[in-house]
Structure formats: C-alpha cells, structure tokens
Amino acid sequence: MAGPRNILITGGTSGIGLALVDRLSKRHRVLVTGRKISPALEAMIVQRPDLDFLALDQSQPEKITKTLTSYLEKKKWDQIHNAVLNAGTGFVGDPVHETSDKIAQTIAVNLMANIELSHCLFPYLQKTKGKLTFVGSTARKGAKNFSSYAASKAGLHGFARALKEEWRNKVAVQILHPGPTKTDMHEKAGLKLGMIRHLFASPEAVAHMIENSMGRNRFSTKMTSFQYWGGNHLLGRGLR
Ligand SMILES: NC(=O)c1ccc[n+]([C@@H]2O[C@H](COP(=O)([O-])OP(=O)(O)OC[C@H]3O[C@@H](n4cnc5c(N)ncnc54)[C@H](OP(=O)(O)O)[C@@H]3O)[C@@H](O)[C@H]2O)c1
C-alpha cells in the first residue's frame, strides 16, 4: 500500500518504540501508547500533527481495550494498517528473589495485554488486510536471570504462531526478536550493564530492522547488532 498508513505502536515512549515512532511518523499517522508520555515523545508530537499519544497501562490488561476502542472512535480511526505491540517490561536477577507481584506484572504487560490488544485490534486490521507485529526477544529461548521475562516472550511467540493460522488470509501476523539493545530496559529491570553495553545494537538500528521486516513477508526474524551489520537493514524497502 502506498500513502500514509494508520499505525499503532505500543510502548513508544522510549527505547526501540520511540526510535520506531520517529522513523514512521515522518510519513504515516501514528498513535503511540505507553504508561506516561515522555519529554522526547512530547517534543516529537509538537513537530508532527499526525502523531498522537494515548496513556495505556498494560499491567491492567482487562481495562485497556475499552480505553483504546473509545479513543479510536473519538479519533475517527475505523481502520488500522499496522499495529506494533512493542511495550515490554522485566525483572533481572535470581528467580528466587522475584516477587509474585513482579512475575504477574511481567506476564500481564508482555503477554496478557498483547493477547487482549490483538483481539481488540482484529476488526480494525481486517479492514485493511493489515499486519500485526509483536516485539519478542531472543531471550525467549532461555536466558539466565531473566526467567519470567523469557517465559513471557516464549508465550508471546507461541501465541503469535497460533494467531497467524487463525487470521490466515485476513490479517498478517509476525513476531520480531531483538537481541540486546542499548535502551534503559535493563536498568529499569534492575541490571547495571558495564562495558558490554557498547556491543549492543542501538535502538535506531533495531527500529530500522523492524520497519524493514514490517514491509516483508517473514513470520519471525532475529534482530541483533550482528544481523544489522550483516546487512539486515539493507533488506526490504521499509513501509511505503
Ligand atoms: N533492550 C533490549 O535489550 C531488548 C532485547 C530484546 C527485546 N526487547 C523488547 O523490546 C521492547 C521495547 O523495549 P526497550 O528495550 O525499548 O525498553 P524501554 O525503553 O524500557 O521501552 C519499553 C516501553 O514499554 C513501555 N511499558 C513498560 N511497562 C508498561 C506498562 N505497564 N504499560 C504500558 N507500557 C509499558 C515503556 O514505558 P515506561 O517508560 O512507562 O516504562 C516503554 O515505552 C520490549 O518488548 C522488550 O522486551 C528489548
């Protein structure tokens, strides 16, 4: 499809989501969600009239779909071309120290809210034969000190695979798995990174690979700095 699209991006207040918002809102109408608007996103919204923010806390999955549908109605969006479900959270540390509340929050934000959102978005995406893109993680295959986060992303991968079959010929589904990326997620999760952070991909590089994958027909792709420098960002034409 050529021309401006209606695009929803969750967790677009910082990191990978914000870098993707920056890329896509130059050419498309973008609705961003997150817990609270960030100064960086606010500055972007001032410059771009087709960029908009809705506060949506995914730790309460049962409440978000009503808030989203009411807002879409108010905004007069009855169709969506692309939705990128990117918001995510996690805990880093020995699993025995992870509280039940933190485990529940990780599963709610990374898995349950995305299941609720995808059901709610289906009628909007079906109208355009659009695409739903989940942001997973390479940690889904198992990562020390990230066990419930890894489980939430493995669950998301399984859900995406099932949804792809359910929605076949109606709405395309894909899940993209970034590797370690230079965002604040690790610190928010309780991990202090040292020099190793320099080896991580930048959020801009990952956003570039996400945009290219959104324009291609691959169900699942890994996105690490290795893939980036191997030329992944040169594949695809991005979103027209
Ligand atoms: N960084 C990495 O190494 C890495 C690797 C693989 C996959 N990923 C995935 O990439 C995605 C983006 O992460 P990032 O690295 O860009 O981290 P980030 O900068 O922390 O961004 C995460 C986004 O999700 C939002 N979010 C967190 N909890 C939320 C909640 N309860 N309700 C609504 N929004 C919430 C955050 O908003 P707040 O600012 O309000 O928290 C922020 O906008 C996540 O799904 C993450 O799992 C990251």
# chains A, B, ... in the order shown; residues from 1 in each chain; ligands from 1

call {"tool": "closest_atom_pairs", "arguments": {"of": "chain A", "to": "ligand 1", "cutoff": "8 Å", "atoms": "only C-alpha atoms and all ligand atoms", "output": "Markdown table"}}
result
| residue | atom | partner | partner_atom_place_in_ligand_line | distance |
| --- | --- | --- | --- | --- |
| A:Thr10 | CA | ligand 1 | 34 (N) | 6.7 |
| A:Gly11 | CA | ligand 1 | 43 (O) | 3.3 |
| A:Gly12 | CA | ligand 1 | 43 (O) | 4.6 |
| A:Thr13 | CA | ligand 1 | 43 (O) | 4.0 |
| A:Ser14 | CA | ligand 1 | 19 (O) | 4.3 |
| A:Gly15 | CA | ligand 1 | 16 (O) | 3.4 |
| A:Ile16 | CA | ligand 1 | 16 (O) | 3.8 |
| A:Gly17 | CA | ligand 1 | 16 (O) | 5.5 |
| A:Leu18 | CA | ligand 1 | 43 (O) | 7.3 |
| A:Thr33 | CA | ligand 1 | 34 (N) | 6.9 |
| A:Gly34 | CA | ligand 1 | 34 (N) | 4.0 |
| A:Arg35 | CA | ligand 1 | 40 (O) | 4.4 |
| A:Lys36 | CA | ligand 1 | 40 (O) | 5.5 |
| A:Ile37 | CA | ligand 1 | 40 (O) | 7.7 |
| A:Ser38 | CA | ligand 1 | 39 (O) | 7.4 |
| A:Ala55 | CA | ligand 1 | 33 (C) | 7.8 |
| A:Leu56 | CA | ligand 1 | 33 (C) | 5.6 |
| A:Asp57 | CA | ligand 1 | 32 (N) | 3.6 |
| A:Gln58 | CA | ligand 1 | 32 (N) | 3.7 |
| A:Ser59 | CA | ligand 1 | 31 (N) | 4.4 |
| A:Gln60 | CA | ligand 1 | 31 (N) | 7.6 |
| A:Leu85 | CA | ligand 1 | 45 (O) | 7.7 |
| A:Asn86 | CA | ligand 1 | 45 (O) | 4.6 |
| A:Ala87 | CA | ligand 1 | 24 (O) | 3.4 |
| A:Gly88 | CA | ligand 1 | 45 (O) | 3.6 |
| A:Thr89 | CA | ligand 1 | 27 (C) | 4.9 |
| A:Gly90 | CA | ligand 1 | 47 (O) | 7.3 |
| A:Gln105 | CA | ligand 1 | 31 (N) | 7.4 |
| A:Val109 | CA | ligand 1 | 31 (N) | 5.4 |
| A:Asn110 | CA | ligand 1 | 45 (O) | 6.8 |
| A:Val135 | CA | ligand 1 | 45 (O) | 5.3 |
| A:Gly136 | CA | ligand 1 | 7 (C) | 5.6 |
| A:Ser137 | CA | ligand 1 | 7 (C) | 3.9 |
| A:Thr138 | CA | ligand 1 | 6 (C) | 6.0 |
| A:Ala139 | CA | ligand 1 | 6 (C) | 6.8 |
| A:Tyr149 | CA | ligand 1 | 47 (O) | 7.8 |
| A:Lys153 | CA | ligand 1 | 47 (O) | 7.6 |
| A:His177 | CA | ligand 1 | 7 (C) | 6.2 |
| A:Pro178 | CA | ligand 1 | 6 (C) | 4.2 |
| A:Gly179 | CA | ligand 1 | 5 (C) | 4.6 |
| A:Pro180 | CA | ligand 1 | 3 (O) | 3.4 |
| A:Thr181 | CA | ligand 1 | 3 (O) | 3.7 |
| A:Lys182 | CA | ligand 1 | 1 (N) | 5.8 |
| A:Thr183 | CA | ligand 1 | 15 (O) | 4.8 |
| A:Asp184 | CA | ligand 1 | 19 (O) | 5.0 |
| A:Met185 | CA | ligand 1 | 20 (O) | 3.8 |
| A:His186 | CA | ligand 1 | 1 (N) | 6.6 |
| A:Lys188 | CA | ligand 1 | 20 (O) | 6.8 |
| A:Phe200 | CA | ligand 1 | 3 (O) | 7.5 |
| A:Pro203 | CA | ligand 1 | 16 (O) | 6.8 |

call {"tool": "residues_around", "arguments": {"residues": "Leu68 in chain A", "least_positions_apart": "4", "cutoff": "8 Å", "atoms": "only C-alpha atoms", "output": "ChimeraX atom specification"}}
result
/A:54,56,64,72

call {"tool": "select_by_dssp", "arguments": {"residues": "range 6-218 of chain A", "states": "strand (DSSP E)", "output": "PyMOL selection string"}}
result
chain A and resi 6-10+29-34+51-55+82-85+131-135+172-178

call {"tool": "write_last_selection", "arguments": {"atoms": "N, CA and C atoms", "output": "JSON list (two decimals), in the first residue's frame"}}
result
[["chain", "number", "residue", "atom", "x", "y", "z"],
["A", 6, "ASN", "N", -2.39, 4.25, 8.87],
["A", 6, "ASN", "CA", -2.70, 4.40, 10.30],
["A", 6, "ASN", "C", -1.91, 3.33, 11.03],
["A", 7, "ILE", "N", -1.04, 3.75, 11.95],
["A", 7, "ILE", "CA", -0.15, 2.80, 12.64],
["A", 7, "ILE", "C", -0.27, 2.99, 14.16],
["A", 8, "LEU", "N", -0.44, 1.88, 14.87],
["A", 8, "LEU", "CA", -0.44, 1.91, 16.33],
["A", 8, "LEU", "C", 0.88, 1.32, 16.82],
["A", 9, "ILE", "N", 1.54, 2.01, 17.75],
["A", 9, "ILE", "CA", 2.78, 1.48, 18.33],
["A", 9, "ILE", "C", 2.65, 1.54, 19.85],
["A", 10, "THR", "N", 2.72, 0.39, 20.52],
["A", 10, "THR", "CA", 2.65, 0.41, 21.99],
["A", 10, "THR", "C", 4.07, 0.54, 22.55],
["A", 29, "ARG", "N", 0.46, 8.28, 9.81],
["A", 29, "ARG", "CA", -0.29, 8.74, 11.00],
["A", 29, "ARG", "C", -0.04, 7.71, 12.10],
["A", 30, "VAL", "N", 0.51, 8.17, 13.21],
["A", 30, "VAL", "CA", 0.93, 7.21, 14.25],
["A", 30, "VAL", "C", 0.26, 7.52, 15.59],
["A", 31, "LEU", "N", -0.34, 6.50, 16.18],
["A", 31, "LEU", "CA", -0.86, 6.60, 17.54],
["A", 31, "LEU", "C", 0.07, 5.79, 18.45],
["A", 32, "VAL", "N", 0.60, 6.44, 19.46],
["A", 32, "VAL", "CA", 1.56, 5.81, 20.38],
["A", 32, "VAL", "C", 0.89, 5.59, 21.73],
["A", 33, "THR", "N", 1.16, 4.44, 22.34],
["A", 33, "THR", "CA", 0.67, 4.25, 23.70],
["A", 33, "THR", "C", 1.85, 3.98, 24.64],
["A", 34, "GLY", "N", 1.58, 4.16, 25.91],
["A", 34, "GLY", "CA", 2.59, 3.93, 26.95],
["A", 34, "GLY", "C", 1.95, 4.34, 28.27],
["A", 51, "LEU", "N", 0.90, 12.75, 14.75],
["A", 51, "LEU", "CA", 1.43, 11.88, 15.81],
["A", 51, "LEU", "C", 0.68, 12.20, 17.10],
["A", 52, "ASP", "N", 0.28, 11.15, 17.79],
["A", 52, "ASP", "CA", -0.66, 11.31, 18.90],
["A", 52, "ASP", "C", -0.32, 10.29, 20.00],
["A", 53, "PHE", "N", -0.67, 10.60, 21.26],
["A", 53, "PHE", "CA", -0.36, 9.70, 22.39],
["A", 53, "PHE", "C", -1.61, 9.36, 23.19],
["A", 54, "LEU", "N", -1.72, 8.10, 23.58],
["A", 54, "LEU", "CA", -2.79, 7.66, 24.48],
["A", 54, "LEU", "C", -2.17, 6.92, 25.66],
["A", 55, "ALA", "N", -2.51, 7.32, 26.89],
["A", 55, "ALA", "CA", -1.97, 6.62, 28.07],
["A", 55, "ALA", "C", -2.70, 5.29, 28.25],
["A", 82, "ASN", "N", -1.18, -1.04, 10.35],
["A", 82, "ASN", "CA", -0.13, -1.77, 11.08],
["A", 82, "ASN", "C", -0.26, -1.51, 12.57],
["A", 83, "ALA", "N", -0.10, -2.57, 13.36],
["A", 83, "ALA", "CA", -0.01, -2.38, 14.81],
["A", 83, "ALA", "C", 1.29, -3.07, 15.26],
["A", 84, "VAL", "N", 2.09, -2.34, 16.02],
["A", 84, "VAL", "CA", 3.34, -2.91, 16.55],
["A", 84, "VAL", "C", 3.21, -2.98, 18.06],
["A", 85, "LEU", "N", 3.07, -4.20, 18.58],
["A", 85, "LEU", "CA", 2.89, -4.37, 20.03],
["A", 85, "LEU", "C", 4.28, -4.58, 20.65],
["A", 131, "LYS", "N", -1.32, -5.67, 9.09],
["A", 131, "LYS", "CA", -0.33, -6.55, 9.72],
["A", 131, "LYS", "C", -0.17, -6.23, 11.21],
["A", 132, "LEU", "N", -0.13, -7.30, 12.01],
["A", 132, "LEU", "CA", 0.14, -7.18, 13.45],
["A", 132, "LEU", "C", 1.57, -7.67, 13.70],
["A", 133, "THR", "N", 2.38, -6.80, 14.28],
["A", 133, "THR", "CA", 3.78, -7.14, 14.55],
["A", 133, "THR", "C", 4.00, -7.16, 16.06],
["A", 134, "PHE", "N", 4.40, -8.30, 16.59],
["A", 134, "PHE", "CA", 4.75, -8.39, 18.01],
["A", 134, "PHE", "C", 6.25, -8.18, 18.15],
["A", 135, "VAL", "N", 6.67, -7.53, 19.25],
["A", 135, "VAL", "CA", 8.10, -7.46, 19.54],
["A", 135, "VAL", "C", 8.40, -8.46, 20.65],
["A", 172, "ALA", "N", -2.14, -10.28, 8.48],
["A", 172, "ALA", "CA", -0.82, -10.94, 8.62],
["A", 172, "ALA", "C", -0.31, -10.76, 10.06],
["A", 173, "VAL", "N", 0.40, -11.77, 10.53],
["A", 173, "VAL", "CA", 0.96, -11.72, 11.90],
["A", 173, "VAL", "C", 2.45, -12.05, 11.82],
["A", 174, "GLN", "N", 3.25, -11.30, 12.56],
["A", 174, "GLN", "CA", 4.68, -11.64, 12.64],
["A", 174, "GLN", "C", 5.20, -11.32, 14.05],
["A", 175, "ILE", "N", 6.30, -11.95, 14.40],
["A", 175, "ILE", "CA", 6.95, -11.63, 15.69],
["A", 175, "ILE", "C", 8.45, -11.45, 15.44],
["A", 176, "LEU", "N", 8.96, -10.32, 15.88],
["A", 176, "LEU", "CA", 10.36, -9.97, 15.64],
["A", 176, "LEU", "C", 11.11, -10.04, 16.97],
["A", 177, "HIS", "N", 12.30, -10.61, 16.95],
["A", 177, "HIS", "CA", 13.02, -10.86, 18.20],
["A", 177, "HIS", "C", 14.33, -10.07, 18.28],
["A", 178, "PRO", "N", 14.29, -8.87, 18.90],
["A", 178, "PRO", "CA", 15.55, -8.15, 19.09],
["A", 178, "PRO", "C", 16.48, -8.90, 20.04]]

call {"tool": "atom_distance", "arguments": {"atom1": "CA of Thr224 in chain A", "atom2": "CA of Asn212 in chain A"}}
result
14.0 Å

call {"tool": "closest_residue", "arguments": {"among": "A:Leu191, A:Ser148, A:Lys76, A:Ile115", "to": "Glu98 in chain A", "atoms": "only C-alpha atoms"}}
result
A:Ser148

call {"tool": "closest_residue", "arguments": {"among": "A:Leu156, A:Leu117, A:Leu41, A:Ala189", "to": "Lys63 in chain A", "atoms": "only C-alpha atoms"}}
result
A:Leu117

call {"tool": "select_by_dssp", "arguments": {"residues": "range 85-172 of chain A", "states": "alpha helix (DSSP H)", "output": "ChimeraX atom specification"}}
result
/A:100-107,113-126,147-166

call {"tool": "atom_distance", "arguments": {"atom1": "CA of Arg27 in chain A", "atom2": "CA of Leu239 in chain A"}}
result
9.0 Å

call {"tool": "atom_distance", "arguments": {"atom1": "CA of Pro123 in chain A", "atom2": "CA of Ile80 in chain A"}}
result
8.9 Å

call {"tool": "closest_residue", "arguments": {"among": "A:Ser70, A:Arg216, A:Ser225, A:Lys129", "to": "Leu199 in chain A", "atoms": "only C-alpha atoms"}}
result
A:Ser225

call {"tool": "decode", "arguments": {"residues": "range 124-172 of chain A", "atoms": "N, CA and C atoms", "output": "PDB file, in the first residue's frame"}}
result
ATOM      1  N   TYR A 124     -10.155  -3.772  13.145  1.00  0.00           N
ATOM      2  CA  TYR A 124      -9.515  -2.594  12.544  1.00  0.00           C
ATOM      3  C   TYR A 124      -8.488  -3.026  11.489  1.00  0.00           C
ATOM      4  N   LEU A 125      -7.747  -4.085  11.801  1.00  0.00           N
ATOM      5  CA  LEU A 125      -6.699  -4.562  10.878  1.00  0.00           C
ATOM      6  C   LEU A 125      -7.312  -5.324   9.708  1.00  0.00           C
ATOM      7  N   GLN A 126      -8.443  -5.980   9.953  1.00  0.00           N
ATOM      8  CA  GLN A 126      -9.067  -6.782   8.887  1.00  0.00           C
ATOM      9  C   GLN A 126      -9.522  -5.874   7.744  1.00  0.00           C
ATOM     10  N   LYS A 127      -9.973  -4.673   8.093  1.00  0.00           N
ATOM     11  CA  LYS A 127     -10.476  -3.752   7.057  1.00  0.00           C
ATOM     12  C   LYS A 127      -9.405  -3.389   6.041  1.00  0.00           C
ATOM     13  N   THR A 128      -8.133  -3.443   6.448  1.00  0.00           N
ATOM     14  CA  THR A 128      -7.058  -3.058   5.530  1.00  0.00           C
ATOM     15  C   THR A 128      -6.250  -4.275   5.075  1.00  0.00           C
ATOM     16  N   LYS A 129      -6.638  -5.463   5.543  1.00  0.00           N
ATOM     17  CA  LYS A 129      -5.800  -6.667   5.386  1.00  0.00           C
ATOM     18  C   LYS A 129      -4.391  -6.330   5.874  1.00  0.00           C
ATOM     19  N   GLY A 130      -4.372  -5.734   7.044  1.00  0.00           N
ATOM     20  CA  GLY A 130      -3.132  -5.167   7.581  1.00  0.00           C
ATOM     21  C   GLY A 130      -2.228  -6.190   8.253  1.00  0.00           C
ATOM     22  N   LYS A 131      -1.321  -5.667   9.088  1.00  0.00           N
ATOM     23  CA  LYS A 131      -0.325  -6.553   9.716  1.00  0.00           C
ATOM     24  C   LYS A 131      -0.170  -6.234  11.206  1.00  0.00           C
ATOM     25  N   LEU A 132      -0.126  -7.304  12.010  1.00  0.00           N
ATOM     26  CA  LEU A 132       0.144  -7.182  13.445  1.00  0.00           C
ATOM     27  C   LEU A 132       1.568  -7.671  13.696  1.00  0.00           C
ATOM     28  N   THR A 133       2.380  -6.802  14.279  1.00  0.00           N
ATOM     29  CA  THR A 133       3.779  -7.137  14.554  1.00  0.00           C
ATOM     30  C   THR A 133       4.004  -7.158  16.064  1.00  0.00           C
ATOM     31  N   PHE A 134       4.405  -8.298  16.589  1.00  0.00           N
ATOM     32  CA  PHE A 134       4.751  -8.386  18.012  1.00  0.00           C
ATOM     33  C   PHE A 134       6.252  -8.182  18.147  1.00  0.00           C
ATOM     34  N   VAL A 135       6.672  -7.532  19.246  1.00  0.00           N
ATOM     35  CA  VAL A 135       8.103  -7.456  19.542  1.00  0.00           C
ATOM     36  C   VAL A 135       8.402  -8.464  20.652  1.00  0.00           C
ATOM     37  N   GLY A 136       9.133  -9.499  20.298  1.00  0.00           N
ATOM     38  CA  GLY A 136       9.508 -10.546  21.249  1.00  0.00           C
ATOM     39  C   GLY A 136      10.894 -10.270  21.797  1.00  0.00           C
ATOM     40  N   SER A 137      11.708 -11.310  21.889  1.00  0.00           N
ATOM     41  CA  SER A 137      13.087 -11.158  22.354  1.00  0.00           C
ATOM     42  C   SER A 137      13.845 -12.457  22.080  1.00  0.00           C
ATOM     43  N   THR A 138      15.137 -12.327  21.794  1.00  0.00           N
ATOM     44  CA  THR A 138      15.954 -13.532  21.642  1.00  0.00           C
ATOM     45  C   THR A 138      16.027 -14.289  22.970  1.00  0.00           C
ATOM     46  N   ALA A 139      15.700 -13.590  24.085  1.00  0.00           N
ATOM     47  CA  ALA A 139      15.715 -14.236  25.413  1.00  0.00           C
ATOM     48  C   ALA A 139      14.651 -15.326  25.520  1.00  0.00           C
ATOM     49  N   ARG A 140      13.713 -15.368  24.600  1.00  0.00           N
ATOM     50  CA  ARG A 140      12.624 -16.368  24.660  1.00  0.00           C
ATOM     51  C   ARG A 140      13.174 -17.790  24.665  1.00  0.00           C
ATOM     52  N   LYS A 141      14.376 -17.970  24.120  1.00  0.00           N
ATOM     53  CA  LYS A 141      14.947 -19.319  24.057  1.00  0.00           C
ATOM     54  C   LYS A 141      15.620 -19.722  25.355  1.00  0.00           C
ATOM     55  N   GLY A 142      15.572 -18.815  26.335  1.00  0.00           N
ATOM     56  CA  GLY A 142      16.190 -19.127  27.630  1.00  0.00           C
ATOM     57  C   GLY A 142      17.316 -18.159  27.894  1.00  0.00           C
ATOM     58  N   ALA A 143      17.241 -17.457  29.026  1.00  0.00           N
ATOM     59  CA  ALA A 143      18.304 -16.522  29.372  1.00  0.00           C
ATOM     60  C   ALA A 143      18.424 -16.518  30.885  1.00  0.00           C
ATOM     61  N   LYS A 144      19.655 -16.730  31.357  1.00  0.00           N
ATOM     62  CA  LYS A 144      19.909 -16.769  32.806  1.00  0.00           C
ATOM     63  C   LYS A 144      19.506 -15.430  33.426  1.00  0.00           C
ATOM     64  N   ASN A 145      18.881 -15.479  34.583  1.00  0.00           N
ATOM     65  CA  ASN A 145      18.454 -14.291  35.326  1.00  0.00           C
ATOM     66  C   ASN A 145      17.289 -13.524  34.707  1.00  0.00           C
ATOM     67  N   PHE A 146      16.682 -14.076  33.679  1.00  0.00           N
ATOM     68  CA  PHE A 146      15.557 -13.406  33.023  1.00  0.00           C
ATOM     69  C   PHE A 146      14.380 -14.376  32.907  1.00  0.00           C
ATOM     70  N   SER A 147      14.207 -15.291  33.863  1.00  0.00           N
ATOM     71  CA  SER A 147      13.333 -16.436  33.561  1.00  0.00           C
ATOM     72  C   SER A 147      11.884 -16.089  33.265  1.00  0.00           C
ATOM     73  N   SER A 148      11.237 -15.222  34.062  1.00  0.00           N
ATOM     74  CA  SER A 148       9.816 -14.973  33.741  1.00  0.00           C
ATOM     75  C   SER A 148       9.693 -14.082  32.512  1.00  0.00           C
ATOM     76  N   TYR A 149      10.665 -13.190  32.300  1.00  0.00           N
ATOM     77  CA  TYR A 149      10.686 -12.386  31.065  1.00  0.00           C
ATOM     78  C   TYR A 149      10.808 -13.323  29.856  1.00  0.00           C
ATOM     79  N   ALA A 150      11.747 -14.283  29.947  1.00  0.00           N
ATOM     80  CA  ALA A 150      11.938 -15.239  28.840  1.00  0.00           C
ATOM     81  C   ALA A 150      10.655 -16.031  28.609  1.00  0.00           C
ATOM     82  N   ALA A 151      10.005 -16.427  29.713  1.00  0.00           N
ATOM     83  CA  ALA A 151       8.758 -17.195  29.583  1.00  0.00           C
ATOM     84  C   ALA A 151       7.671 -16.353  28.917  1.00  0.00           C
ATOM     85  N   SER A 152       7.601 -15.075  29.273  1.00  0.00           N
ATOM     86  CA  SER A 152       6.560 -14.213  28.679  1.00  0.00           C
ATOM     87  C   SER A 152       6.783 -14.076  27.172  1.00  0.00           C
ATOM     88  N   LYS A 153       8.038 -13.993  26.756  1.00  0.00           N
ATOM     89  CA  LYS A 153       8.334 -13.824  25.329  1.00  0.00           C
ATOM     90  C   LYS A 153       8.174 -15.144  24.575  1.00  0.00           C
ATOM     91  N   ALA A 154       8.475 -16.267  25.244  1.00  0.00           N
ATOM     92  CA  ALA A 154       8.240 -17.573  24.611  1.00  0.00           C
ATOM     93  C   ALA A 154       6.736 -17.775  24.417  1.00  0.00           C
ATOM     94  N   GLY A 155       5.955 -17.373  25.440  1.00  0.00           N
ATOM     95  CA  GLY A 155       4.496 -17.462  25.337  1.00  0.00           C
ATOM     96  C   GLY A 155       3.975 -16.587  24.208  1.00  0.00           C
ATOM     97  N   LEU A 156       4.561 -15.413  24.082  1.00  0.00           N
ATOM     98  CA  LEU A 156       4.135 -14.485  23.021  1.00  0.00           C
ATOM     99  C   LEU A 156       4.418 -15.087  21.647  1.00  0.00           C
ATOM    100  N   HIS A 157       5.565 -15.751  21.521  1.00  0.00           N
ATOM    101  CA  HIS A 157       5.905 -16.387  20.247  1.00  0.00           C
ATOM    102  C   HIS A 157       4.864 -17.468  19.912  1.00  0.00           C
ATOM    103  N   GLY A 158       4.506 -18.269  20.918  1.00  0.00           N
ATOM    104  CA  GLY A 158       3.510 -19.323  20.690  1.00  0.00           C
ATOM    105  C   GLY A 158       2.167 -18.731  20.307  1.00  0.00           C
ATOM    106  N   PHE A 159       1.793 -17.658  20.988  1.00  0.00           N
ATOM    107  CA  PHE A 159       0.511 -17.015  20.681  1.00  0.00           C
ATOM    108  C   PHE A 159       0.530 -16.466  19.246  1.00  0.00           C
ATOM    109  N   ALA A 160       1.620 -15.815  18.868  1.00  0.00           N
ATOM    110  CA  ALA A 160       1.722 -15.225  17.522  1.00  0.00           C
ATOM    111  C   ALA A 160       1.611 -16.317  16.452  1.00  0.00           C
ATOM    112  N   ARG A 161       2.252 -17.460  16.728  1.00  0.00           N
ATOM    113  CA  ARG A 161       2.223 -18.560  15.752  1.00  0.00           C
ATOM    114  C   ARG A 161       0.789 -19.078  15.571  1.00  0.00           C
ATOM    115  N   ALA A 162       0.056 -19.186  16.666  1.00  0.00           N
ATOM    116  CA  ALA A 162      -1.330 -19.659  16.585  1.00  0.00           C
ATOM    117  C   ALA A 162      -2.212 -18.626  15.879  1.00  0.00           C
ATOM    118  N   LEU A 163      -1.989 -17.356  16.212  1.00  0.00           N
ATOM    119  CA  LEU A 163      -2.804 -16.287  15.625  1.00  0.00           C
ATOM    120  C   LEU A 163      -2.590 -16.196  14.115  1.00  0.00           C
ATOM    121  N   LYS A 164      -1.359 -16.438  13.712  1.00  0.00           N
ATOM    122  CA  LYS A 164      -1.038 -16.408  12.273  1.00  0.00           C
ATOM    123  C   LYS A 164      -1.929 -17.404  11.529  1.00  0.00           C
ATOM    124  N   GLU A 165      -2.148 -18.577  12.117  1.00  0.00           N
ATOM    125  CA  GLU A 165      -3.021 -19.580  11.478  1.00  0.00           C
ATOM    126  C   GLU A 165      -4.475 -19.134  11.525  1.00  0.00           C
ATOM    127  N   GLU A 166      -4.898 -18.633  12.693  1.00  0.00           N
ATOM    128  CA  GLU A 166      -6.298 -18.206  12.835  1.00  0.00           C
ATOM    129  C   GLU A 166      -6.661 -17.092  11.872  1.00  0.00           C
ATOM    130  N   TRP A 167      -5.736 -16.188  11.654  1.00  0.00           N
ATOM    131  CA  TRP A 167      -6.027 -14.991  10.848  1.00  0.00           C
ATOM    132  C   TRP A 167      -5.567 -15.130   9.387  1.00  0.00           C
ATOM    133  N   ARG A 168      -5.173 -16.316   8.996  1.00  0.00           N
ATOM    134  CA  ARG A 168      -4.641 -16.533   7.641  1.00  0.00           C
ATOM    135  C   ARG A 168      -5.575 -15.931   6.588  1.00  0.00           C
ATOM    136  N   ASN A 169      -5.021 -15.213   5.634  1.00  0.00           N
ATOM    137  CA  ASN A 169      -5.750 -14.528   4.544  1.00  0.00           C
ATOM    138  C   ASN A 169      -6.623 -13.361   5.022  1.00  0.00           C
ATOM    139  N   LYS A 170      -6.522 -13.026   6.307  1.00  0.00           N
ATOM    140  CA  LYS A 170      -7.316 -11.879   6.803  1.00  0.00           C
ATOM    141  C   LYS A 170      -6.387 -10.761   7.291  1.00  0.00           C
ATOM    142  N   VAL A 171      -5.519 -11.129   8.226  1.00  0.00           N
ATOM    143  CA  VAL A 171      -4.557 -10.166   8.782  1.00  0.00           C
ATOM    144  C   VAL A 171      -3.226 -10.899   8.930  1.00  0.00           C
ATOM    145  N   ALA A 172      -2.137 -10.282   8.484  1.00  0.00           N
ATOM    146  CA  ALA A 172      -0.819 -10.940   8.623  1.00  0.00           C
ATOM    147  C   ALA A 172      -0.308 -10.761  10.059  1.00  0.00           C
TER     148      ALA A 172
END
